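Peer 1: Handing you this structure, nothing more for now.
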There are 2 protein chains.
Amino acid sequence: MTGSDSRPPTLEQVANYAGVSRATVSRVINGVQTVDPELRRTVERAIAATGYVPNLAARSLVTGRTDSIALVVSEPENRGYSTPFLTRMFTDPFLGRITAGAQEVLRPLGIHLVIFLADPPARPHLLRYLRQGHVDGALLISSHVDDPLPGQLVELGVPVVLSCRPGHPVTISYVDVDQWAGVRMAVDHLARLGRRSLATITGPLDMPAAQDRLAAFEQSVRAHGLEPRHVEGDFTRSGGERAARRLLTEHADVDGIFVANDLMADGALRVVQETGRKVPDEVAVIGFDDSTAALECHPPLTTVRQPVEEMAGEMAQLLMTRIREPQRTPRSVIFNPELIVRASA
Amino acid sequence: MTGSDSRPPTLEQVANYAGVSRATVSRVINGVQTVDPELRRTVERAIAATGYVPNLAARSLVTGRTDSIALVVSEPENRGYSTPFLTRMFTDPFLGRITAGAQEVLRPLGIHLVIFLADPPARPHLLRYLRQGHVDGALLISSHVDDPLPGQLVELGVPVVLSCRPGHPVTISYVDVDQWAGVRMAVDHLARLGRRSLATITGPLDMPAAQDRLAAFEQSVRAHGLEPRHVEGDFTRSGGERAARRLLTEHADVDGIFVANDLMADGALRVVQETGRKVPDEVAVIGFDDSTAALECHPPLTTVRQPVEEMAGEMAQLLMTRIREPQRTPRSVIFNPELIVRASA
DNA sequence: ATGAAAGCGCTAACAC
DNA sequence: GTGTTAGCGCTTTCAT
């Protein structure tokens, strides 16, 4: 059946071929148990012979479901990043872990995960895409504090789960790591190593995660009777280099640095060593994430582990229950971080 | 209209609201010109008032189109990579450039681009997804030589364009860079610098692009009367480090290295310098891609530029014409590379 | 320029 | 356990 027929075979054609009704074929396709085993085999042969594939649009029109959900990575506006959005997304192992974790949960459910990268010019498309019912719901990653997307989606009635605490209060499920606990672990570790001149390289301070980590850093450092310092970075490797350079210039005496993600920590590590300082003896460095980048650092990076895969899996689960029971009030889940000690601190 | 109605408004409801027929509303929605301007405004008001959004499934059922295409990144089997597929995909800036280039073309056409990462466990899902008509066609990235996916898709009648020369001859459009020309530029440059002991770090040798670059390297080096050497890498940064370590052990006299992509070149650069060799004076290093990673290398990387964004744009264009005119024979387009000289060679 | 009506391919009641 | 039937929401002839 090397289909040169202009149109693909339909349920009806399969039914005719098998000498049964459309309903029976439909039942076989959908795995309904109440079908005579013999008839089922007849139908299955007919399906194979005709090369039949269900038409999704038709099914979706009647069921109202699409069995696919979107993983949306959104950036509300172009800030002064040196690297374009798409490059950043495809340079940080973070997204890969999210995808893997979500797929793990979705795959057994027969749900497709489609990835959607929404930089500013893509946003109108994204909204259309989601409103049109291409997907049953969305996992939303990122979110600068003033990202309007979460609100818009809720208003549109699209089931959504966020990847971290929303910037503004919205009635919405989210999953996050206990940022404060994680940062405190890092700071305590630095203090335990006897470091007294502590600084942090932050993420973009318009992102909730970056804000949380900075606030937690400052409080934890003060709790040790020390004076916190910080430089703003942008979560990229080269941003980490730049920030470290600035930090070492402004505060040459720093002996412990908490970097808000592993990618920047990698960059910072390089710069610290280029300036002739030994890691970890003269300057200890701790990252955040425990992504693959942490292992590729020289020396291997001590870092605060986020269970990203698990978190993404939980997001998927929250979303599925939200899709199934839209009126239930949103739940959120906070995960525990863990300090992974390697060679950099 | 904060829709607490269980079902979203339909065309019919808009028509009733506006006091016209469904056909007229449909025309307004689809921008058909033959509509009285006044009526059009009435309809537009009705659309706004009801908060109407077209139902994609219904439209798609009748038009047979979905106005979205998939960007599929496929890996046929798990080879012995040290890094998992998803991590690799989200660590190499390559995919981001592909996405950007494709979006550039697709966006003005109102076509959505959805990304689909297909590691081995996801493949059955992918096939179902594509067969079911979720998308009008697919841009297929990657392809190990024995990837069955291109063939399967062609057989299924899914319009496809490949990102590089297919491993096996298939009647299929593809876009590629002139690998031979690019590699020759790199080798000629090394020779011009007086390097006589040349080696290459290759990609996984089951990928056509890696094979092409190795073959081209060997021929170009021999053309200079020199003896080519090679070590197999895996296109990742840490793979580049490992390969470079092996290379320097086996051939301590190497003074020029062509690395099959920028990411591995970054790793190689690090290792070369760790062993006390100066770059470029003692060892010259040239990469391939001219991705953002090239600029972040220390020193900045001399590399062979692939116009990835343009190539992806061309892929999108080829795919769209293939979708519109399925019977036309597939066309392929080869792009010219360019040597970007920076500090590493 | 507008409306009426015929499906697109499928699922889900409902009858048998 | 199987078939019949009524739509799902939209586009698109075909009349008017």
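We label chains A, B, ... in the order they appear in the structure tokens, count residues from 1 in each chain, and number ligands from 1 in the order shown.
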Could you pull out the residues in segment 79-323 of chain A that DSSP calls strand (DSSP E) from the backbone, as a short mmCIF file (atom, residue, chain, number, x, y, z; two decimals) with all heavy atoms, in the first residue's frame?

Peer 2:
data_model
loop_
_atom_site.label_atom_id
_atom_site.label_comp_id
_atom_site.auth_asym_id
_atom_site.auth_seq_id
_atom_site.Cartn_x
_atom_site.Cartn_y
_atom_site.Cartn_z
N HIS A 112 2.09 13.64 24.06
CA HIS A 112 3.23 14.21 23.36
C HIS A 112 3.66 15.50 24.03
O HIS A 112 2.83 16.28 24.48
CB HIS A 112 2.87 14.54 21.92
CG HIS A 112 2.37 13.38 21.14
ND1 HIS A 112 3.19 12.34 20.74
CD2 HIS A 112 1.15 13.08 20.67
CE1 HIS A 112 2.49 11.46 20.07
NE2 HIS A 112 1.23 11.88 20.00
N LEU A 113 4.96 15.72 24.05
CA LEU A 113 5.48 16.98 24.58
C LEU A 113 6.10 17.77 23.44
O LEU A 113 7.05 17.31 22.81
CB LEU A 113 6.54 16.72 25.65
CG LEU A 113 7.14 17.97 26.28
CD1 LEU A 113 6.11 18.66 27.16
CD2 LEU A 113 8.38 17.63 27.08
N VAL A 114 5.56 18.93 23.17
CA VAL A 114 6.16 19.75 22.13
C VAL A 114 6.75 20.99 22.76
O VAL A 114 6.19 21.58 23.67
CB VAL A 114 5.15 20.16 21.04
CG1 VAL A 114 4.55 18.94 20.40
CG2 VAL A 114 4.06 21.04 21.60
N ILE A 115 7.92 21.34 22.28
CA ILE A 115 8.64 22.45 22.87
C ILE A 115 8.38 23.71 22.08
O ILE A 115 8.33 23.70 20.86
CB ILE A 115 10.14 22.14 22.89
CG1 ILE A 115 10.36 20.84 23.67
CG2 ILE A 115 10.92 23.28 23.51
CD1 ILE A 115 11.77 20.34 23.62
N PHE A 116 8.21 24.77 22.81
CA PHE A 116 7.85 26.03 22.17
C PHE A 116 8.71 27.12 22.76
O PHE A 116 8.61 27.42 23.94
CB PHE A 116 6.38 26.32 22.45
CG PHE A 116 5.70 26.93 21.29
CD1 PHE A 116 4.85 26.18 20.50
CD2 PHE A 116 5.92 28.26 20.97
CE1 PHE A 116 4.22 26.75 19.40
CE2 PHE A 116 5.30 28.83 19.88
CZ PHE A 116 4.45 28.07 19.09
N LEU A 117 9.57 27.72 21.95
CA LEU A 117 10.43 28.77 22.45
C LEU A 117 9.85 30.12 22.06
O LEU A 117 9.68 30.40 20.89
CB LEU A 117 11.83 28.61 21.89
CG LEU A 117 12.52 27.32 22.35
CD1 LEU A 117 13.87 27.16 21.69
CD2 LEU A 117 12.64 27.31 23.86
N ALA A 118 9.53 30.92 23.05
CA ALA A 118 8.82 32.16 22.77
C ALA A 118 9.64 33.38 23.13
O ALA A 118 9.54 33.91 24.22
CB ALA A 118 7.50 32.17 23.51
N ALA A 138 -0.05 23.60 29.26
CA ALA A 138 1.32 24.04 29.05
C ALA A 138 2.14 24.01 30.33
O ALA A 138 1.65 24.36 31.41
CB ALA A 138 1.33 25.44 28.45
N LEU A 139 3.39 23.60 30.17
CA LEU A 139 4.37 23.76 31.23
C LEU A 139 5.13 25.03 30.90
O LEU A 139 5.67 25.15 29.80
CB LEU A 139 5.35 22.57 31.25
CG LEU A 139 4.73 21.19 31.39
CD1 LEU A 139 5.79 20.11 31.23
CD2 LEU A 139 4.05 21.09 32.74
N LEU A 140 5.16 25.96 31.81
CA LEU A 140 5.75 27.26 31.49
C LEU A 140 7.06 27.45 32.24
O LEU A 140 7.09 27.43 33.48
CB LEU A 140 4.74 28.35 31.86
CG LEU A 140 5.04 29.77 31.45
CD1 LEU A 140 5.50 29.85 30.01
CD2 LEU A 140 3.81 30.62 31.66
N ILE A 141 8.12 27.65 31.48
CA ILE A 141 9.45 27.79 32.08
C ILE A 141 9.90 29.23 32.03
O ILE A 141 9.57 29.94 31.10
CB ILE A 141 10.48 27.00 31.26
CG1 ILE A 141 10.02 25.59 31.05
CG2 ILE A 141 11.83 27.03 31.97
CD1 ILE A 141 9.91 24.80 32.29
N SER A 142 10.70 29.58 33.00
CA SER A 142 11.34 30.90 33.02
C SER A 142 10.54 31.89 33.82
O SER A 142 10.35 31.72 35.00
CB SER A 142 11.52 31.45 31.60
OG SER A 142 11.33 32.83 31.56
N VAL A 160 -2.14 25.53 33.13
CA VAL A 160 -0.72 25.86 33.15
C VAL A 160 -0.09 25.48 34.48
O VAL A 160 -0.72 25.57 35.52
CB VAL A 160 -0.50 27.37 32.97
CG1 VAL A 160 0.98 27.70 32.96
CG2 VAL A 160 -1.15 27.88 31.70
N VAL A 161 1.16 25.07 34.42
CA VAL A 161 1.97 24.91 35.62
C VAL A 161 3.28 25.66 35.41
O VAL A 161 3.90 25.54 34.35
CB VAL A 161 2.25 23.43 35.91
CG1 VAL A 161 3.18 23.29 37.10
CG2 VAL A 161 0.96 22.68 36.16
N LEU A 162 3.68 26.42 36.40
CA LEU A 162 4.90 27.21 36.30
C LEU A 162 6.11 26.46 36.84
O LEU A 162 5.98 25.61 37.71
CB LEU A 162 4.76 28.50 37.09
CG LEU A 162 3.98 29.65 36.47
CD1 LEU A 162 4.14 30.90 37.34
CD2 LEU A 162 4.52 29.93 35.08
N SER A 173 -0.58 26.75 39.64
CA SER A 173 0.32 25.76 40.24
C SER A 173 1.75 26.05 39.86
O SER A 173 2.02 26.50 38.75
CB SER A 173 -0.03 24.36 39.74
OG SER A 173 -1.15 23.84 40.37
N TYR A 174 2.67 25.80 40.77
CA TYR A 174 4.06 25.88 40.36
C TYR A 174 4.89 24.90 41.15
O TYR A 174 4.46 24.35 42.17
CB TYR A 174 4.59 27.31 40.50
CG TYR A 174 4.71 27.82 41.92
CD1 TYR A 174 5.86 27.55 42.66
CD2 TYR A 174 3.70 28.56 42.49
CE1 TYR A 174 5.98 28.03 43.96
CE2 TYR A 174 3.80 29.04 43.78
CZ TYR A 174 4.94 28.76 44.52
OH TYR A 174 5.04 29.23 45.79
N VAL A 175 6.10 24.70 40.65
CA VAL A 175 7.04 23.81 41.28
C VAL A 175 8.30 24.63 41.48
O VAL A 175 8.67 25.41 40.61
CB VAL A 175 7.32 22.60 40.37
CG1 VAL A 175 8.56 21.87 40.80
CG2 VAL A 175 6.12 21.68 40.37
N ASP A 176 8.92 24.49 42.61
CA ASP A 176 10.15 25.26 42.81
C ASP A 176 11.04 24.50 43.77
O ASP A 176 10.61 23.56 44.45
CB ASP A 176 9.84 26.65 43.37
CG ASP A 176 10.90 27.68 42.99
OD1 ASP A 176 12.03 27.28 42.62
OD2 ASP A 176 10.60 28.88 43.04
N VAL A 177 12.30 24.92 43.82
CA VAL A 177 13.20 24.34 44.79
C VAL A 177 13.22 25.32 45.96
O VAL A 177 12.92 26.50 45.80
CB VAL A 177 14.61 24.16 44.19
CG1 VAL A 177 15.31 25.50 44.05
CG2 VAL A 177 15.44 23.20 45.02
N LEU A 198 32.87 37.09 51.55
CA LEU A 198 31.97 36.35 50.67
C LEU A 198 31.24 37.25 49.66
O LEU A 198 30.80 38.34 50.00
CB LEU A 198 30.93 35.63 51.53
CG LEU A 198 31.22 34.20 51.96
CD1 LEU A 198 32.70 33.91 52.09
CD2 LEU A 198 30.48 33.86 53.23
N ALA A 199 31.12 36.73 48.44
CA ALA A 199 30.38 37.47 47.42
C ALA A 199 29.54 36.50 46.61
O ALA A 199 29.78 35.29 46.63
CB ALA A 199 31.35 38.20 46.51
N THR A 200 28.56 37.03 45.89
CA THR A 200 27.77 36.19 44.99
C THR A 200 27.69 36.82 43.62
O THR A 200 27.74 38.04 43.48
CB THR A 200 26.35 35.96 45.54
OG1 THR A 200 25.65 35.08 44.65
CG2 THR A 200 25.57 37.27 45.62
N ILE A 201 27.61 35.97 42.62
CA ILE A 201 27.31 36.43 41.27
C ILE A 201 25.87 36.01 41.03
O ILE A 201 25.55 34.82 41.08
CB ILE A 201 28.25 35.79 40.23
CG1 ILE A 201 29.68 36.25 40.49
CG2 ILE A 201 27.80 36.15 38.82
CD1 ILE A 201 30.71 35.61 39.57
N THR A 202 25.02 36.97 40.81
CA THR A 202 23.58 36.69 40.73
C THR A 202 23.14 36.43 39.30
O THR A 202 23.88 36.67 38.35
CB THR A 202 22.75 37.87 41.26
OG1 THR A 202 22.78 38.92 40.27
CG2 THR A 202 23.31 38.39 42.56
N ARG A 229 28.47 40.75 49.49
CA ARG A 229 28.67 41.59 48.30
C ARG A 229 28.05 40.85 47.12
O ARG A 229 27.94 39.63 47.16
CB ARG A 229 30.16 41.79 48.02
CG ARG A 229 30.98 42.05 49.26
CD ARG A 229 32.38 42.50 48.91
NE ARG A 229 33.15 42.77 50.11
CZ ARG A 229 32.92 43.83 50.90
NH1 ARG A 229 31.95 44.70 50.62
NH2 ARG A 229 33.66 44.03 51.97
N HIS A 230 27.69 41.60 46.10
CA HIS A 230 27.20 40.89 44.91
C HIS A 230 27.46 41.65 43.62
O HIS A 230 27.63 42.86 43.62
CB HIS A 230 25.71 40.58 45.03
CG HIS A 230 24.82 41.75 44.71
ND1 HIS A 230 24.42 42.66 45.65
CD2 HIS A 230 24.26 42.16 43.54
CE1 HIS A 230 23.64 43.57 45.08
NE2 HIS A 230 23.54 43.29 43.81
N VAL A 231 27.50 40.88 42.56
CA VAL A 231 27.61 41.43 41.21
C VAL A 231 26.52 40.73 40.40
O VAL A 231 26.30 39.54 40.57
CB VAL A 231 28.98 41.09 40.58
CG1 VAL A 231 29.09 41.69 39.20
CG2 VAL A 231 30.10 41.58 41.47
N GLU A 232 25.86 41.48 39.52
CA GLU A 232 24.79 40.86 38.74
C GLU A 232 25.34 40.20 37.49
O GLU A 232 26.11 40.79 36.74
CB GLU A 232 23.73 41.90 38.35
CG GLU A 232 22.54 41.26 37.65
CD GLU A 232 21.40 42.26 37.39
OE1 GLU A 232 21.47 43.39 37.92
OE2 GLU A 232 20.45 41.90 36.68
N GLY A 256 35.53 33.64 48.89
CA GLY A 256 34.46 32.67 48.70
C GLY A 256 33.38 33.26 47.80
O GLY A 256 32.89 34.35 48.05
N ILE A 257 33.04 32.55 46.74
CA ILE A 257 32.02 33.06 45.81
C ILE A 257 30.91 32.04 45.65
O ILE A 257 31.16 30.86 45.35
CB ILE A 257 32.61 33.34 44.41
CG1 ILE A 257 33.86 34.22 44.52
CG2 ILE A 257 31.56 34.02 43.52
CD1 ILE A 257 34.51 34.51 43.17
N PHE A 258 29.69 32.51 45.85
CA PHE A 258 28.53 31.69 45.53
C PHE A 258 27.98 32.19 44.19
O PHE A 258 27.61 33.36 44.07
CB PHE A 258 27.47 31.79 46.61
CG PHE A 258 26.13 31.26 46.18
CD1 PHE A 258 25.97 29.91 45.87
CD2 PHE A 258 25.04 32.11 46.03
CE1 PHE A 258 24.75 29.43 45.44
CE2 PHE A 258 23.80 31.63 45.60
CZ PHE A 258 23.66 30.28 45.31
N VAL A 259 27.95 31.31 43.22
CA VAL A 259 27.48 31.72 41.89
C VAL A 259 26.11 31.11 41.64
O VAL A 259 25.89 29.93 41.89
CB VAL A 259 28.46 31.27 40.80
CG1 VAL A 259 28.11 31.92 39.47
CG2 VAL A 259 29.89 31.61 41.20
N ALA A 284 37.25 29.94 47.09
CA ALA A 284 36.35 28.80 46.96
C ALA A 284 35.14 29.24 46.13
O ALA A 284 34.65 30.35 46.29
CB ALA A 284 35.90 28.33 48.33
N VAL A 285 34.67 28.33 45.26
CA VAL A 285 33.55 28.67 44.38
C VAL A 285 32.47 27.60 44.48
O VAL A 285 32.76 26.40 44.41
CB VAL A 285 34.02 28.80 42.91
CG1 VAL A 285 32.84 29.07 41.99
CG2 VAL A 285 35.06 29.91 42.77
N ILE A 286 31.24 28.05 44.67
CA ILE A 286 30.11 27.12 44.71
C ILE A 286 29.08 27.55 43.68
O ILE A 286 28.78 28.74 43.56
CB ILE A 286 29.45 27.10 46.10
CG1 ILE A 286 30.48 26.65 47.16
CG2 ILE A 286 28.23 26.18 46.12
CD1 ILE A 286 29.88 26.42 48.53
N GLY A 287 28.57 26.59 42.94
CA GLY A 287 27.56 26.89 41.92
C GLY A 287 26.16 26.53 42.39
O GLY A 287 25.91 26.29 43.57
N PHE A 288 25.23 26.50 41.44
CA PHE A 288 23.85 26.15 41.74
C PHE A 288 23.27 25.44 40.53
O PHE A 288 23.43 25.93 39.39
CB PHE A 288 23.04 27.42 42.03
CG PHE A 288 21.78 27.17 42.82
CD1 PHE A 288 21.72 27.47 44.18
CD2 PHE A 288 20.64 26.64 42.21
CE1 PHE A 288 20.56 27.25 44.92
CE2 PHE A 288 19.48 26.42 42.94
CZ PHE A 288 19.43 26.73 44.30
N ASP A 289 22.62 24.32 40.76
CA ASP A 289 21.93 23.51 39.74
C ASP A 289 22.39 22.07 39.81
O ASP A 289 21.59 21.16 39.77
CB ASP A 289 22.21 23.97 38.29
CG ASP A 289 21.28 25.08 37.86
OD1 ASP A 289 20.34 25.38 38.60
OD2 ASP A 289 21.52 25.64 36.76
N THR A 302 31.76 22.30 43.16
CA THR A 302 30.87 22.10 44.30
C THR A 302 29.63 22.93 44.02
O THR A 302 29.72 24.08 43.61
CB THR A 302 31.55 22.59 45.59
OG1 THR A 302 32.66 21.75 45.87
CG2 THR A 302 30.58 22.56 46.75
N THR A 303 28.47 22.33 44.23
CA THR A 303 27.27 23.04 43.79
C THR A 303 26.03 22.60 44.56
O THR A 303 26.04 21.55 45.20
CB THR A 303 27.06 22.82 42.27
OG1 THR A 303 26.00 23.64 41.80
CG2 THR A 303 26.72 21.37 41.98
N VAL A 304 25.00 23.42 44.48
CA VAL A 304 23.74 23.09 45.13
C VAL A 304 22.86 22.38 44.12
O VAL A 304 22.52 22.93 43.08
CB VAL A 304 23.02 24.36 45.62
CG1 VAL A 304 21.68 24.01 46.25
CG2 VAL A 304 23.90 25.13 46.59
N ARG A 305 22.52 21.16 44.40
CA ARG A 305 21.76 20.37 43.44
C ARG A 305 20.27 20.68 43.50
O ARG A 305 19.65 20.64 44.56
CB ARG A 305 21.96 18.88 43.70
CG ARG A 305 21.08 18.03 42.79
CD ARG A 305 21.38 16.55 42.87
NE ARG A 305 20.60 15.83 41.89
CZ ARG A 305 20.88 15.78 40.60
NH1 ARG A 305 21.95 16.41 40.14
NH2 ARG A 305 20.11 15.13 39.75
#

Peer 1: With a cut-off of 7 Å and counting only C-alpha atoms (C1' of nucleotides), select all residues of chain B in contact with chain D and give the selection as JSON, numbers by chain.

Peer 2: {"B": [10, 55, 58, 59, 62]}

Peer 1: Residues as selected, all heavy atoms, written as a PDB file, in the first residue's frame, can you do that?

Peer 2:
ATOM      1  N   THR B  10     -18.398  29.420  19.703  1.00  0.00           N
ATOM      2  CA  THR B  10     -18.166  28.882  18.366  1.00  0.00           C
ATOM      3  C   THR B  10     -18.485  29.932  17.316  1.00  0.00           C
ATOM      4  O   THR B  10     -19.069  30.972  17.613  1.00  0.00           O
ATOM      5  CB  THR B  10     -19.064  27.667  18.108  1.00  0.00           C
ATOM      6  OG1 THR B  10     -20.415  28.138  17.996  1.00  0.00           O
ATOM      7  CG2 THR B  10     -18.962  26.660  19.237  1.00  0.00           C
ATOM      8  N   ASN B  55     -11.514  27.166  16.439  1.00  0.00           N
ATOM      9  CA  ASN B  55     -11.135  25.832  16.878  1.00  0.00           C
ATOM     10  C   ASN B  55     -10.292  25.175  15.804  1.00  0.00           C
ATOM     11  O   ASN B  55     -10.748  24.907  14.689  1.00  0.00           O
ATOM     12  CB  ASN B  55     -12.386  25.008  17.142  1.00  0.00           C
ATOM     13  CG  ASN B  55     -12.053  23.586  17.504  1.00  0.00           C
ATOM     14  OD1 ASN B  55     -11.217  22.962  16.868  1.00  0.00           O
ATOM     15  ND2 ASN B  55     -12.700  23.081  18.536  1.00  0.00           N
ATOM     16  N   ALA B  58     -11.342  21.709  14.192  1.00  0.00           N
ATOM     17  CA  ALA B  58     -12.422  21.809  13.208  1.00  0.00           C
ATOM     18  C   ALA B  58     -11.899  22.345  11.879  1.00  0.00           C
ATOM     19  O   ALA B  58     -12.182  21.811  10.814  1.00  0.00           O
ATOM     20  CB  ALA B  58     -13.525  22.710  13.741  1.00  0.00           C
ATOM     21  N   ARG B  59     -11.125  23.395  11.975  1.00  0.00           N
ATOM     22  CA  ARG B  59     -10.583  23.968  10.744  1.00  0.00           C
ATOM     23  C   ARG B  59      -9.709  22.960  10.031  1.00  0.00           C
ATOM     24  O   ARG B  59      -9.807  22.752   8.823  1.00  0.00           O
ATOM     25  CB  ARG B  59      -9.771  25.217  11.083  1.00  0.00           C
ATOM     26  CG  ARG B  59      -8.930  25.690   9.913  1.00  0.00           C
ATOM     27  CD  ARG B  59      -8.097  26.876  10.290  1.00  0.00           C
ATOM     28  NE  ARG B  59      -8.930  28.043  10.528  1.00  0.00           N
ATOM     29  CZ  ARG B  59      -8.474  29.158  11.059  1.00  0.00           C
ATOM     30  NH1 ARG B  59      -7.206  29.256  11.418  1.00  0.00           N
ATOM     31  NH2 ARG B  59      -9.269  30.190  11.225  1.00  0.00           N
ATOM     32  N   VAL B  62     -11.280  20.235   7.967  1.00  0.00           N
ATOM     33  CA  VAL B  62     -11.762  20.528   6.620  1.00  0.00           C
ATOM     34  C   VAL B  62     -10.665  20.992   5.680  1.00  0.00           C
ATOM     35  O   VAL B  62     -10.658  20.613   4.509  1.00  0.00           O
ATOM     36  CB  VAL B  62     -12.973  21.505   6.664  1.00  0.00           C
ATOM     37  CG1 VAL B  62     -12.908  22.405   7.840  1.00  0.00           C
ATOM     38  CG2 VAL B  62     -13.087  22.294   5.391  1.00  0.00           C
TER      39      VAL B  62
END

Peer 1: Which chain A residues have any atom within 12 Å of an atom of chain C, and for each, what is the nearest pair of atoms with distance in Å to one decimal, counting only C-alpha atoms (C1' of nucleotides), rows sorted by chain and number, as a Markdown table?

Peer 2:
| residue | atom | partner | partner_atom | distance |
| --- | --- | --- | --- | --- |
| A:Arg7 | CA | C:DC8 | C1' | 11.6 |
| A:Pro8 | CA | C:DG9 | C1' | 10.8 |
| A:Pro9 | CA | C:DG9 | C1' | 9.9 |
| A:Thr10 | CA | C:DG9 | C1' | 6.7 |
| A:Leu11 | CA | C:DG9 | C1' | 7.2 |
| A:Glu12 | CA | C:DG9 | C1' | 8.4 |
| A:Gln13 | CA | C:DG9 | C1' | 10.8 |
| A:Arg22 | CA | C:DC10 | C1' | 9.2 |
| A:Ala23 | CA | C:DT11 | C1' | 8.2 |
| A:Thr24 | CA | C:DT11 | C1' | 11.1 |
| A:Val25 | CA | C:DC10 | C1' | 10.8 |
| A:Ser26 | CA | C:DT11 | C1' | 7.7 |
| A:Arg27 | CA | C:DT11 | C1' | 9.3 |
| A:Ile29 | CA | C:DT11 | C1' | 11.3 |
| A:Asn30 | CA | C:DT11 | C1' | 10.0 |
| A:Val53 | CA | C:DG9 | C1' | 11.1 |
| A:Pro54 | CA | C:DC10 | C1' | 8.3 |
| A:Asn55 | CA | C:DG9 | C1' | 6.6 |
| A:Leu56 | CA | C:DC10 | C1' | 8.5 |
| A:Ala57 | CA | C:DG9 | C1' | 8.0 |
| A:Ala58 | CA | C:DC10 | C1' | 4.9 |
| A:Arg59 | CA | C:DC10 | C1' | 4.9 |
| A:Ser60 | CA | C:DC10 | C1' | 8.2 |
| A:Leu61 | CA | C:DC10 | C1' | 7.9 |
| A:Val62 | CA | C:DT11 | C1' | 6.2 |
| A:Thr63 | CA | C:DT11 | C1' | 7.0 |
| A:Gly64 | CA | C:DT11 | C1' | 10.6 |
| A:Arg65 | CA | C:DT11 | C1' | 11.8 |

Peer 1: Using only C-alpha atoms, find which residues of chain B lie within 9 Å of chain A and jot them down as a PyMOL selection string.

Peer 2: chain B and resi 2-3+53-62+64+66+70+83+85-97+99-100+103+107+110-117+121-122+125-126+128-129+131-134+155-157+237-238+292+296
